[in-house]
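> Structure file my_file-v2.cif, mmCIF, C-alpha atoms, is pasted below:
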data_protein
loop_
_atom_site.group_PDB
_atom_site.id
_atom_site.type_symbol
_atom_site.label_atom_id
_atom_site.label_comp_id
_atom_site.auth_asym_id
_atom_site.auth_seq_id
_atom_site.Cartn_x
_atom_site.Cartn_y
_atom_site.Cartn_z
ATOM 1 C CA MET A 537 7.090 91.343 163.855
ATOM 2 C CA GLY A 538 6.839 88.724 166.561
ATOM 3 C CA LEU A 539 3.782 90.293 168.111
ATOM 4 C CA VAL A 540 1.973 90.612 164.810
ATOM 5 C CA THR A 541 2.664 87.005 163.890
ATOM 6 C CA LEU A 542 1.621 85.730 167.300
ATOM 7 C CA ALA A 543 -1.549 87.799 167.049
ATOM 8 C CA LEU A 544 -2.387 86.130 163.745
ATOM 9 C CA ARG A 545 -1.720 82.692 165.163
ATOM 10 C CA ALA A 546 -3.692 83.304 168.331
ATOM 11 C CA SER A 547 -6.500 85.203 166.654
ATOM 12 C CA PHE A 548 -9.096 82.551 166.192
ATOM 13 C CA LEU A 549 -8.005 80.351 169.039
ATOM 14 C CA LEU A 550 -8.948 83.150 171.379
ATOM 15 C CA LEU A 551 -12.083 84.474 169.700
ATOM 16 C CA PRO A 552 -15.529 83.079 170.529
ATOM 17 C CA GLU A 553 -17.137 80.482 168.258
ATOM 18 C CA ARG A 554 -19.548 82.935 166.701
ATOM 19 C CA ILE A 555 -16.837 84.766 164.768
ATOM 20 C CA GLN A 556 -15.972 82.921 161.578
ATOM 21 C CA LEU A 557 -13.483 83.540 158.811
ATOM 22 C CA PRO A 558 -15.326 85.614 156.182
ATOM 23 C CA ALA A 559 -16.056 83.641 153.003
ATOM 24 C CA LEU A 560 -14.138 86.062 150.809
ATOM 25 C CA LEU A 561 -11.032 85.704 152.941
ATOM 26 C CA ARG A 562 -11.348 81.951 152.854
ATOM 27 C CA ARG A 563 -11.440 81.978 149.043
ATOM 28 C CA ALA A 564 -8.561 84.452 148.776
ATOM 29 C CA LEU A 565 -6.277 82.747 151.289
ATOM 30 C CA PRO A 566 -4.872 79.987 149.036
ATOM 31 C CA PHE A 567 -3.528 82.599 146.659
ATOM 32 C CA VAL A 568 -1.871 84.815 149.234
ATOM 33 C CA PRO A 569 1.497 83.005 149.669
ATOM 34 C CA ALA A 570 2.029 82.482 145.940
ATOM 35 C CA ALA A 571 1.195 86.096 145.115
ATOM 36 C CA VAL A 572 3.134 87.749 147.936
ATOM 37 C CA LEU A 573 6.253 85.599 147.662
ATOM 38 C CA THR A 574 6.340 85.986 143.872
ATOM 39 C CA ALA A 575 6.066 89.740 144.279
ATOM 40 C CA ILE A 576 9.235 89.526 146.349
ATOM 41 C CA TRP A 577 11.364 87.158 144.322
ATOM 42 C CA ALA A 578 10.370 88.197 140.787
ATOM 43 C CA PRO A 579 12.149 91.574 140.916
ATOM 44 C CA GLU A 580 15.321 89.874 142.119
ATOM 45 C CA LEU A 581 15.467 87.948 138.864
ATOM 46 C CA LEU A 582 13.981 90.365 136.385
ATOM 47 C CA LEU A 583 15.351 93.741 137.422
ATOM 48 C CA GLN A 584 18.833 95.165 137.449
ATOM 49 C CA LYS A 585 19.146 98.443 139.358
ATOM 50 C CA GLY A 586 15.445 99.000 138.979
ATOM 51 C CA VAL A 587 15.307 98.452 135.235
ATOM 52 C CA LEU A 588 13.806 95.446 133.471
ATOM 53 C CA TYR A 589 16.628 93.243 132.252
ATOM 54 C CA LEU A 590 15.272 90.480 130.051
ATOM 55 C CA SER A 591 18.467 89.290 128.472
ATOM 56 C CA LEU A 592 20.481 86.135 128.214
ATOM 57 C CA HIS A 593 23.223 88.115 129.939
ATOM 58 C CA ASN A 594 21.136 88.351 133.115
ATOM 59 C CA GLU A 595 22.721 85.518 135.063
ATOM 60 C CA ARG A 596 20.226 85.907 137.916
ATOM 61 C CA LEU A 597 17.360 85.382 135.497
ATOM 62 C CA LEU A 598 18.969 82.290 134.032
ATOM 63 C CA ALA A 599 19.872 80.916 137.453
ATOM 64 C CA GLY A 600 16.326 81.606 138.637
ATOM 65 C CA ALA A 601 14.899 79.806 135.631
ATOM 66 C CA ALA A 602 17.107 76.829 136.440
ATOM 67 C CA ALA A 603 15.866 76.881 140.034
ATOM 68 C CA ILE A 604 12.241 77.048 138.896
ATOM 69 C CA ALA A 605 12.813 74.058 136.624
ATOM 70 C CA VAL A 606 14.382 72.048 139.455
ATOM 71 C CA ALA A 607 11.601 72.999 141.864
ATOM 72 C CA TRP A 608 8.952 72.122 139.278
ATOM 73 C CA ARG A 609 10.409 68.695 138.638
ATOM 74 C CA TRP A 610 11.524 67.606 142.082
ATOM 75 C CA ARG A 611 9.968 69.928 144.677
ATOM 76 C CA LEU A 612 13.033 69.615 146.865
ATOM 77 C CA THR A 613 13.982 72.740 148.816
ATOM 78 C CA PHE A 614 17.677 72.139 149.197
ATOM 79 C CA ALA A 615 18.192 70.910 145.627
ATOM 80 C CA THR A 616 16.413 73.958 144.251
ATOM 81 C CA ILE A 617 18.549 76.408 146.192
ATOM 82 C CA ALA A 618 21.788 74.546 145.554
ATOM 83 C CA ALA A 619 21.013 74.288 141.849
ATOM 84 C CA GLY A 620 20.150 77.978 141.709
ATOM 85 C CA LEU A 621 23.375 79.041 143.400
ATOM 86 C CA ALA A 622 25.448 76.700 141.274
ATOM 87 C CA ALA A 623 23.744 77.990 138.137
ATOM 88 C CA LEU A 624 24.363 81.564 139.251
ATOM 89 C CA HIS A 625 28.080 80.993 139.514
ATOM 90 C CA LEU A 626 28.127 78.995 136.287
ATOM 91 C CA PHE A 627 26.397 81.701 134.267
ATOM 92 C CA ASP A 628 28.433 84.385 135.953
ATOM 93 C CA TRP A 629 31.564 82.614 134.770
ATOM 94 C CA LEU A 630 30.208 81.894 131.275
ATOM 95 C CA LEU A 631 28.848 85.349 130.505
ATOM 96 C CA MET B 12 11.742 71.639 157.743
ATOM 97 C CA ALA B 13 15.410 71.390 158.667
ATOM 98 C CA PRO B 14 16.836 72.227 155.213
ATOM 99 C CA PHE B 15 14.573 75.229 155.007
ATOM 100 C CA GLY B 16 15.695 76.344 158.460
ATOM 101 C CA LEU B 17 19.300 75.991 157.433
ATOM 102 C CA VAL B 18 18.780 78.049 154.305
ATOM 103 C CA THR B 19 16.837 80.686 156.221
ATOM 104 C CA GLY B 20 19.709 81.078 158.662
ATOM 105 C CA VAL B 21 22.231 81.407 155.863
ATOM 106 C CA ALA B 22 20.100 83.816 153.853
ATOM 107 C CA MET B 23 19.381 86.081 156.818
ATOM 108 C CA VAL B 24 23.042 86.506 157.605
ATOM 109 C CA ALA B 25 23.937 86.909 153.946
ATOM 110 C CA GLY B 26 21.240 89.557 153.735
ATOM 111 C CA GLY B 27 22.968 91.603 156.393
ATOM 112 C CA ILE B 28 21.132 90.669 159.578
ATOM 113 C CA PRO B 29 23.588 90.397 162.488
ATOM 114 C CA PRO B 30 23.813 86.770 163.723
ATOM 115 C CA LEU B 31 22.398 87.423 167.197
ATOM 116 C CA ALA B 32 19.497 89.453 165.815
ATOM 117 C CA ALA B 33 18.777 86.724 163.297
ATOM 118 C CA MET B 34 18.654 84.051 166.009
ATOM 119 C CA ALA B 35 16.472 86.267 168.152
ATOM 120 C CA MET B 36 14.116 86.854 165.232
ATOM 121 C CA SER B 37 13.872 83.154 164.636
ATOM 122 C CA VAL B 38 12.861 82.506 168.239
ATOM 123 C CA VAL B 39 10.499 85.444 168.552
ATOM 124 C CA VAL B 40 8.780 85.241 165.184
ATOM 125 C CA TYR B 41 9.234 81.566 164.276
ATOM 126 C CA ALA B 42 7.928 81.906 160.715
ATOM 127 C CA GLY B 43 10.586 81.273 158.053
ATOM 128 C CA ALA B 44 9.025 82.697 154.925
ATOM 129 C CA SER B 45 8.154 85.983 156.612
ATOM 130 C CA MET B 46 11.619 86.235 158.182
ATOM 131 C CA LEU B 47 13.196 85.831 154.780
ATOM 132 C CA ALA B 48 10.825 88.360 153.295
ATOM 133 C CA ALA B 49 11.685 90.844 156.036
ATOM 134 C CA THR B 50 15.403 90.276 155.407
ATOM 135 C CA GLN B 51 14.991 90.979 151.700
ATOM 136 C CA LEU B 52 12.913 94.070 152.247
ATOM 137 C CA LEU B 53 15.214 95.443 154.942
ATOM 138 C CA ALA B 54 18.169 95.061 152.613
ATOM 139 C CA ALA B 55 16.250 97.016 149.978
ATOM 140 C CA GLY B 56 15.598 99.816 152.429
ATOM 141 C CA THR B 57 11.854 99.318 152.556
ATOM 142 C CA PRO B 58 9.916 101.344 155.109
ATOM 143 C CA LEU B 59 9.110 99.443 158.308
ATOM 144 C CA ALA B 60 5.349 99.767 157.847
ATOM 145 C CA VAL B 61 5.538 98.013 154.478
ATOM 146 C CA ILE B 62 7.685 95.267 155.974
ATOM 147 C CA LEU B 63 5.152 94.673 158.729
ATOM 148 C CA LEU B 64 2.313 94.597 156.226
ATOM 149 C CA THR B 65 4.174 92.089 154.096
ATOM 150 C CA VAL B 66 4.817 89.947 157.171
ATOM 151 C CA VAL B 67 1.082 90.007 157.887
ATOM 152 C CA PHE B 68 0.289 88.911 154.335
ATOM 153 C CA VAL B 69 2.861 86.153 154.270
ATOM 154 C CA ASN B 70 1.689 84.861 157.656
ATOM 155 C CA LEU B 71 -2.023 85.198 156.986
ATOM 156 C CA ARG B 72 -2.335 81.453 156.663
ATOM 157 C CA PHE B 73 -1.744 81.168 160.427
ATOM 158 C CA MET B 74 -5.047 82.882 160.955
ATOM 159 C CA MET B 75 -6.631 80.098 158.954
ATOM 160 C CA TYR B 76 -4.857 77.458 161.036
ATOM 161 C CA SER B 77 -6.018 79.203 164.151
ATOM 162 C CA ALA B 78 -9.640 79.146 163.011
ATOM 163 C CA SER B 79 -9.368 75.522 162.021
ATOM 164 C CA LEU B 80 -7.907 74.370 165.342
ATOM 165 C CA ARG B 81 -10.196 76.438 167.514
ATOM 166 C CA ALA B 82 -12.830 73.799 168.093
ATOM 167 C CA HIS B 83 -10.252 71.157 168.963
ATOM 168 C CA LEU B 84 -8.375 73.266 171.492
ATOM 169 C CA ALA B 85 -11.387 75.009 173.009
ATOM 170 C CA GLY B 86 -11.705 75.029 176.770
ATOM 171 C CA LEU B 87 -7.998 75.230 177.421
ATOM 172 C CA PRO B 88 -6.686 77.852 179.830
ATOM 173 C CA LEU B 89 -5.464 81.025 178.159
ATOM 174 C CA ARG B 90 -1.761 80.366 178.724
ATOM 175 C CA TRP B 91 -1.943 77.027 176.909
ATOM 176 C CA LYS B 92 -3.859 78.558 174.045
ATOM 177 C CA LEU B 93 -1.123 81.162 173.717
ATOM 178 C CA ALA B 94 1.587 78.510 173.936
ATOM 179 C CA ALA B 95 -0.140 76.467 171.245
ATOM 180 C CA ALA B 96 -0.525 79.612 169.162
ATOM 181 C CA TYR B 97 3.177 80.425 169.417
ATOM 182 C CA LEU B 98 4.129 76.895 168.350
ATOM 183 C CA LEU B 99 1.759 76.842 165.376
ATOM 184 C CA ALA B 100 3.739 75.927 162.280
ATOM 185 C CA ASP B 101 2.757 74.452 158.928
ATOM 186 C CA ASN B 102 3.888 70.898 159.718
ATOM 187 C CA ALA B 103 2.618 70.959 163.278
ATOM 188 C CA TYR B 104 -0.745 72.165 162.056
ATOM 189 C CA GLY B 105 -0.898 69.477 159.375
ATOM 190 C CA LEU B 106 -0.178 66.684 161.829
ATOM 191 C CA ALA B 107 -2.531 67.983 164.490
ATOM 192 C CA ILE B 108 -5.528 68.682 162.282
ATOM 193 C CA ALA B 109 -5.248 65.273 160.619
ATOM 194 C CA ARG B 110 -5.221 63.550 163.983
ATOM 195 C CA PHE B 111 -7.988 65.631 165.546
ATOM 196 C CA THR B 112 -10.232 65.230 162.527
ATOM 197 C CA GLU B 113 -9.859 61.477 162.687
ATOM 198 C CA HIS B 114 -10.328 61.304 166.463
ATOM 199 C CA PRO B 115 -12.470 64.292 167.407
ATOM 200 C CA ARG B 116 -13.151 63.170 170.955
ATOM 201 C CA MET B 117 -9.663 62.018 171.840
ATOM 202 C CA SER B 118 -8.263 62.925 175.208
ATOM 203 C CA GLY B 119 -4.885 64.587 175.515
ATOM 204 C CA ARG B 120 -5.266 66.800 172.459
ATOM 205 C CA LEU B 121 -2.994 69.416 173.950
ATOM 206 C CA ALA B 122 -0.385 66.788 174.678
ATOM 207 C CA TYR B 123 -0.600 65.527 171.118
ATOM 208 C CA PHE B 124 -0.256 69.008 169.735
ATOM 209 C CA LEU B 125 2.740 69.764 171.943
ATOM 210 C CA GLY B 126 4.270 66.421 171.047
ATOM 211 C CA ALA B 127 4.080 67.313 167.397
ATOM 212 C CA ALA B 128 4.911 71.001 167.642
ATOM 213 C CA LEU B 129 7.811 71.041 170.115
ATOM 214 C CA PRO B 130 10.230 68.767 168.220
ATOM 215 C CA ILE B 131 9.476 70.757 165.070
ATOM 216 C CA TRP B 132 10.236 73.988 166.903
ATOM 217 C CA LEU B 133 13.488 72.618 168.254
ATOM 218 C CA THR B 134 14.628 71.231 164.903
ATOM 219 C CA TRP B 135 13.873 74.544 163.291
ATOM 220 C CA GLN B 136 15.816 76.632 165.806
ATOM 221 C CA VAL B 137 18.844 74.339 165.640
ATOM 222 C CA ALA B 138 18.761 74.402 161.838
ATOM 223 C CA VAL B 139 18.556 78.187 161.793
ATOM 224 C CA GLY B 140 21.383 78.448 164.318
ATOM 225 C CA LEU B 141 23.543 76.216 162.152
ATOM 226 C CA GLY B 142 22.607 78.193 159.078
ATOM 227 C CA ILE B 143 23.566 81.432 160.790
ATOM 228 C CA ALA B 144 26.921 80.012 161.811
ATOM 229 C CA ILE B 145 27.600 78.684 158.323
ATOM 230 C CA GLY B 146 26.414 81.846 156.635
ATOM 231 C CA ALA B 147 28.620 84.006 158.800
ATOM 232 C CA ALA B 148 31.641 81.841 158.054
ATOM 233 C CA LEU B 149 31.322 81.551 154.286
ATOM 234 C CA PRO B 150 32.824 84.173 151.957
ATOM 235 C CA ALA B 151 30.748 86.831 150.255
ATOM 236 C CA GLN B 152 31.854 85.655 146.810
ATOM 237 C CA TRP B 153 29.519 82.713 147.215
ATOM 238 C CA ARG B 154 26.698 85.231 146.734
ATOM 239 C CA LEU B 155 24.597 83.525 149.359
ATOM 240 C CA GLU B 156 22.232 86.470 149.498
ATOM 241 C CA PHE B 157 20.744 85.005 146.332
ATOM 242 C CA ALA B 158 19.662 82.081 148.517
ATOM 243 C CA ALA B 159 16.724 84.153 149.760
ATOM 244 C CA PRO B 160 14.921 84.579 146.416
ATOM 245 C CA LEU B 161 15.854 80.966 145.632
ATOM 246 C CA ALA B 162 14.231 79.836 148.880
ATOM 247 C CA PHE B 163 11.092 81.715 147.876
ATOM 248 C CA ILE B 164 11.122 80.002 144.515
ATOM 249 C CA ALA B 165 11.490 76.667 146.320
ATOM 250 C CA LEU B 166 8.433 77.572 148.406
ATOM 251 C CA THR B 167 6.305 79.060 145.622
ATOM 252 C CA VAL B 168 6.715 76.578 142.771
ATOM 253 C CA PRO B 169 5.221 73.571 144.603
ATOM 254 C CA LEU B 170 2.155 75.720 145.308
ATOM 255 C CA LEU B 171 1.465 76.261 141.609
ATOM 256 C CA ARG B 172 -0.649 73.170 141.199
ATOM 257 C CA ASP B 173 -3.352 74.520 138.922
ATOM 258 C CA ARG B 174 -3.998 77.237 136.377
ATOM 259 C CA ALA B 175 -5.423 79.619 138.935
ATOM 260 C CA MET B 176 -2.293 79.497 141.095
ATOM 261 C CA VAL B 177 0.001 79.933 138.103
ATOM 262 C CA ALA B 178 -2.112 82.847 136.943
ATOM 263 C CA ALA B 179 -1.884 84.402 140.403
ATOM 264 C CA ALA B 180 1.905 84.141 140.457
ATOM 265 C CA LEU B 181 2.240 85.514 136.928
ATOM 266 C CA ALA B 182 -0.078 88.413 137.685
ATOM 267 C CA ALA B 183 1.905 89.240 140.815
ATOM 268 C CA ALA B 184 5.219 89.118 138.913
ATOM 269 C CA VAL B 185 4.004 91.323 136.075
ATOM 270 C CA THR B 186 2.390 93.806 138.426
ATOM 271 C CA VAL B 187 5.371 94.182 140.728
ATOM 272 C CA ILE B 188 7.601 94.962 137.743
ATOM 273 C CA ALA B 189 5.105 97.338 136.179
ATOM 274 C CA ALA B 190 4.531 99.083 139.488
ATOM 275 C CA TRP B 191 8.212 99.345 140.328
ATOM 276 C CA ALA B 192 8.247 103.043 139.525
ATOM 277 C CA LEU B 193 5.785 103.636 142.338
ATOM 278 C CA PRO B 194 7.208 103.918 145.825
ATOM 279 C CA MET B 195 7.823 100.365 147.089
ATOM 280 C CA ARG B 196 4.892 100.559 149.445
ATOM 281 C CA LEU B 197 2.377 100.496 146.613
ATOM 282 C CA GLY B 198 4.166 98.143 144.238
ATOM 283 C CA LEU B 199 4.250 95.174 146.583
ATOM 284 C CA ALA B 200 0.677 95.613 147.803
ATOM 285 C CA ALA B 201 -0.568 96.128 144.245
ATOM 286 C CA ALA B 202 1.210 92.983 143.088
ATOM 287 C CA ALA B 203 -0.195 90.916 145.961
ATOM 288 C CA ALA B 204 -3.694 92.265 145.348
ATOM 289 C CA ALA B 205 -3.447 91.672 141.596
ATOM 290 C CA GLY B 206 -2.160 88.152 142.106
ATOM 291 C CA ILE B 207 -4.926 87.254 144.560
ATOM 292 C CA ALA B 208 -7.625 88.835 142.395
ATOM 293 C CA VAL B 209 -6.482 87.107 139.198
ATOM 294 C CA GLY B 210 -6.195 83.794 141.013
ATOM 295 C CA MET B 211 -9.733 84.046 142.352
ATOM 296 C CA LEU B 212 -11.083 85.058 138.928
ATOM 297 C CA VAL B 213 -9.410 82.184 137.109
ATOM 298 C CA ARG B 214 -10.647 79.730 139.711
ATOM 299 C CA ARG B 215 -14.203 80.974 139.244
ATOM 300 C CA ARG B 216 -14.058 80.174 135.553
ATOM 301 C CA ALA B 217 -12.586 76.725 136.081
#
Written as structure tokens, that's how I'd like the structure from this file.


Amino acid sequence: MGLVTLALRASFLLLPERIQLPALLRRALPFVPAAVLTAIWAPELLLQKGVLYLSLHNERLLAGAAAIAVAWRWRLTFATIAAGLAALHLFDWLL
Amino acid sequence: MAPFGLVTGVAMVAGGIPPLAAMAMSVVVYAGASMLAATQLLAAGTPLAVILLTVVFVNLRFMMYSASLRAHLAGLPLRWKLAAAYLLADNAYGLAIARFTEHPRMSGRLAYFLGAALPIWLTWQVAVGLGIAIGAALPAQWRLEFAAPLAFIALTVPLLRDRAMVAAALAAAVTVIAAWALPMRLGLAAAAAAGIAVGMLVRRRA
């Protein structure tokens, strides 16, 4: 993991000036973090044991929604995570 | 930077990574989002090849930073280029590129970069260390493993600044669920590809 990441970081620093980032990659790059990270966190909220669980009984979904709302409004890392965890326990207790 | 480091430390331990391994990972890799992603995927039993591929995708932006800084750090001996590469982090990059763009001929660019990047590195490692210690000490009933997806949400949501980005995230979410039946190796890649493709398409129409 370390080697791969270092290779990415060093890549262009070490390559000669002629080699540029291909235009397609440059256009795609802004979308990569949002797409990849969402692909990782979405199942945590929406699935239960591999099955889609869209229900008001899904406390992870509700807690996640709360976290998204907090992140949308305030963009604060710690507040988002704290709110999400608090909401998780709250909904767990309520449901 | 520090709160995110703290959370990363906690989430890694809560996700089952042994404390020493987690600290080692933080020093060797030094890229929070990818470390969290790896933790999640490891816990889900994902094959190593898929984990590595995901790490590459999550860290792809470093390639962009590298390309962007190349002109400013050209002419440095190889060992300094590698050192600078290792220390490349989002904040460090932001500070450095702003400064170099404003003062393209300034002397001591390496010194400036190191001055920005080293304190960030140190803060990060300390935060992660603290997070690991806290995470190892707190009870499992706190369900701190949920901190990992929450951290991703905290990272993703601020990125969704226009329709194209929202579309990309939605496409990725829908695809990963729909593709869940496929072995994990295809579902994640398909979702990333779908998200990126949709994002680019929506942006074209904007």

> Which of these, A:Leu560, A:Leu630, A:Ala601, A:Ala575, has the shortest distance to chain B once you count only C-alpha atoms?

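Smallest separation from chain B among the options: A:Ala575.
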
> Rounded to one decimal place, report the atom CA of A:Arg596-atom CA of B:Ala158 distance in Å.

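According to the coordinates, atom CA of A:Arg596 and atom CA of B:Ala158 are separated by 11.3 Å.
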
> Considering only C-alpha atoms, give me a table of residues in chain B that are at most 7 Å from chain A, with the closest atom pair and distance in Å for each, as CSV.


residue,atom,partner,partner_atom,distance
B:Pro14,CA,A:Phe614,CA,6.1
B:Phe15,CA,A:Thr613,CA,6.7
B:Val39,CA,A:Gly538,CA,5.3
B:Val40,CA,A:Gly538,CA,4.2
B:Leu63,CA,A:Met537,CA,6.4
B:Val67,CA,A:Thr541,CA,6.9
B:Phe68,CA,A:Val568,CA,6.9
B:Val69,CA,A:Pro569,CA,5.7
B:Asn70,CA,A:Thr541,CA,6.7
B:Leu71,CA,A:Leu544,CA,6.8
B:Arg72,CA,A:Leu565,CA,6.8
B:Phe73,CA,A:Arg545,CA,5.0
B:Met74,CA,A:Leu544,CA,5.0
B:Ser77,CA,A:Phe548,CA,5.0
B:Ala78,CA,A:Phe548,CA,4.7
B:Arg81,CA,A:Leu549,CA,4.7
B:Lys92,CA,A:Leu549,CA,6.7
B:Leu93,CA,A:Ala546,CA,6.3
B:Ala96,CA,A:Ala546,CA,4.9
B:Tyr97,CA,A:Leu542,CA,5.9
B:Leu99,CA,A:Arg545,CA,6.8
B:Ala158,CA,A:Ile617,CA,6.2
B:Pro160,CA,A:Trp577,CA,4.9
B:Leu161,CA,A:Ile617,CA,5.3
B:Ala162,CA,A:Ile617,CA,6.1
B:Phe163,CA,A:Leu573,CA,6.2
B:Ile164,CA,A:Ile604,CA,6.4
B:Ala165,CA,A:Thr613,CA,5.3
B:Thr167,CA,A:Ala570,CA,5.5
B:Val168,CA,A:Trp608,CA,6.1
B:Pro169,CA,A:Arg611,CA,6.0
B:Leu170,CA,A:Ala570,CA,6.8
B:Met176,CA,A:Phe567,CA,6.5
B:Ala179,CA,A:Ala571,CA,5.9
B:Ala180,CA,A:Ala571,CA,5.1
B:Ala183,CA,A:Ala571,CA,5.4
B:Ala184,CA,A:Ala575,CA,5.5
B:Val187,CA,A:Ala575,CA,5.7
B:Ile188,CA,A:Pro579,CA,6.5
B:Leu199,CA,A:Ala575,CA,6.2
B:Ala202,CA,A:Ala575,CA,6.0
B:Ala203,CA,A:Val572,CA,5.0
B:Gly206,CA,A:Ala571,CA,5.0
B:Ile207,CA,A:Phe567,CA,5.3
B:Gly210,CA,A:Phe567,CA,6.4
B:Met211,CA,A:Ala564,CA,6.5

> If you apply the PyMOL selection byres ((chain B and resi 105-122) around 9) to this file, what residues do you get, as a PyMOL selection string?

chain B and resi 76+79-80+83-84+87+91+95+100-104+123-128

> Report, in Å to a single decimal, how far apart atom CA of B:Leu47 and atom CA of B:Leu155 are.

12.8 Å

> By how many Å are atom CA of B:Pro29 and atom CA of A:Leu626 apart?

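Going from atom CA of B:Pro29 over to atom CA of A:Leu626 covers 28.9 Å.
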
> Can you translate the PyMOL selection byres ((chain B and resi 20) around 7) into the concrete residues it hits in this file, as a ChimeraX atom specification?

/B:16-19,21-24,139-140,142-143

> Name all residues at most 7 Å from A:Phe627 (count all atoms listed in the file; drop same-chain ones fewer than 4 positions away) and give them as an MDAnalysis selection string.

chainID A and resid 595 623 631

> Which residue gives the smallest distance to B:Leu98 among B:Leu52, B:Leu193, B:Leu133, B:Met34, with all atoms listed in the file counted?

B:Leu133

> Taking (9.6, 93.0, 156.8) in the file's own coordinates, collect the residues within 7 Å, counting only C-alpha atoms, and hand them back as a list of chain:residue names.

B:Ala48, B:Ala49, B:Thr50, B:Leu52, B:Leu53, B:Leu59, B:Val61, B:Ile62, B:Leu63, B:Thr65, B:Val66

> Output C-alpha atoms for every residue in that selection, as a PDB file, in the frame of the given file.


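See selection-v5.pdb below for the written result:
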ATOM      1  CA  ALA B  48      10.825  88.360 153.295  1.00  0.00           C
ATOM      2  CA  ALA B  49      11.685  90.844 156.036  1.00  0.00           C
ATOM      3  CA  THR B  50      15.403  90.276 155.407  1.00  0.00           C
ATOM      4  CA  LEU B  52      12.913  94.070 152.247  1.00  0.00           C
ATOM      5  CA  LEU B  53      15.214  95.443 154.942  1.00  0.00           C
ATOM      6  CA  LEU B  59       9.110  99.443 158.308  1.00  0.00           C
ATOM      7  CA  VAL B  61       5.538  98.013 154.478  1.00  0.00           C
ATOM      8  CA  ILE B  62       7.685  95.267 155.974  1.00  0.00           C
ATOM      9  CA  LEU B  63       5.152  94.673 158.729  1.00  0.00           C
ATOM     10  CA  THR B  65       4.174  92.089 154.096  1.00  0.00           C
ATOM     11  CA  VAL B  66       4.817  89.947 157.171  1.00  0.00           C
TER      12      VAL B  66
END

> Go through B:Gly198, B:Thr134, B:Pro58, B:Ile28 and flag the residue nearest B:Met46, using only C-alpha atoms for the distances.

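Under the stated criterion, the closest residue is B:Ile28.
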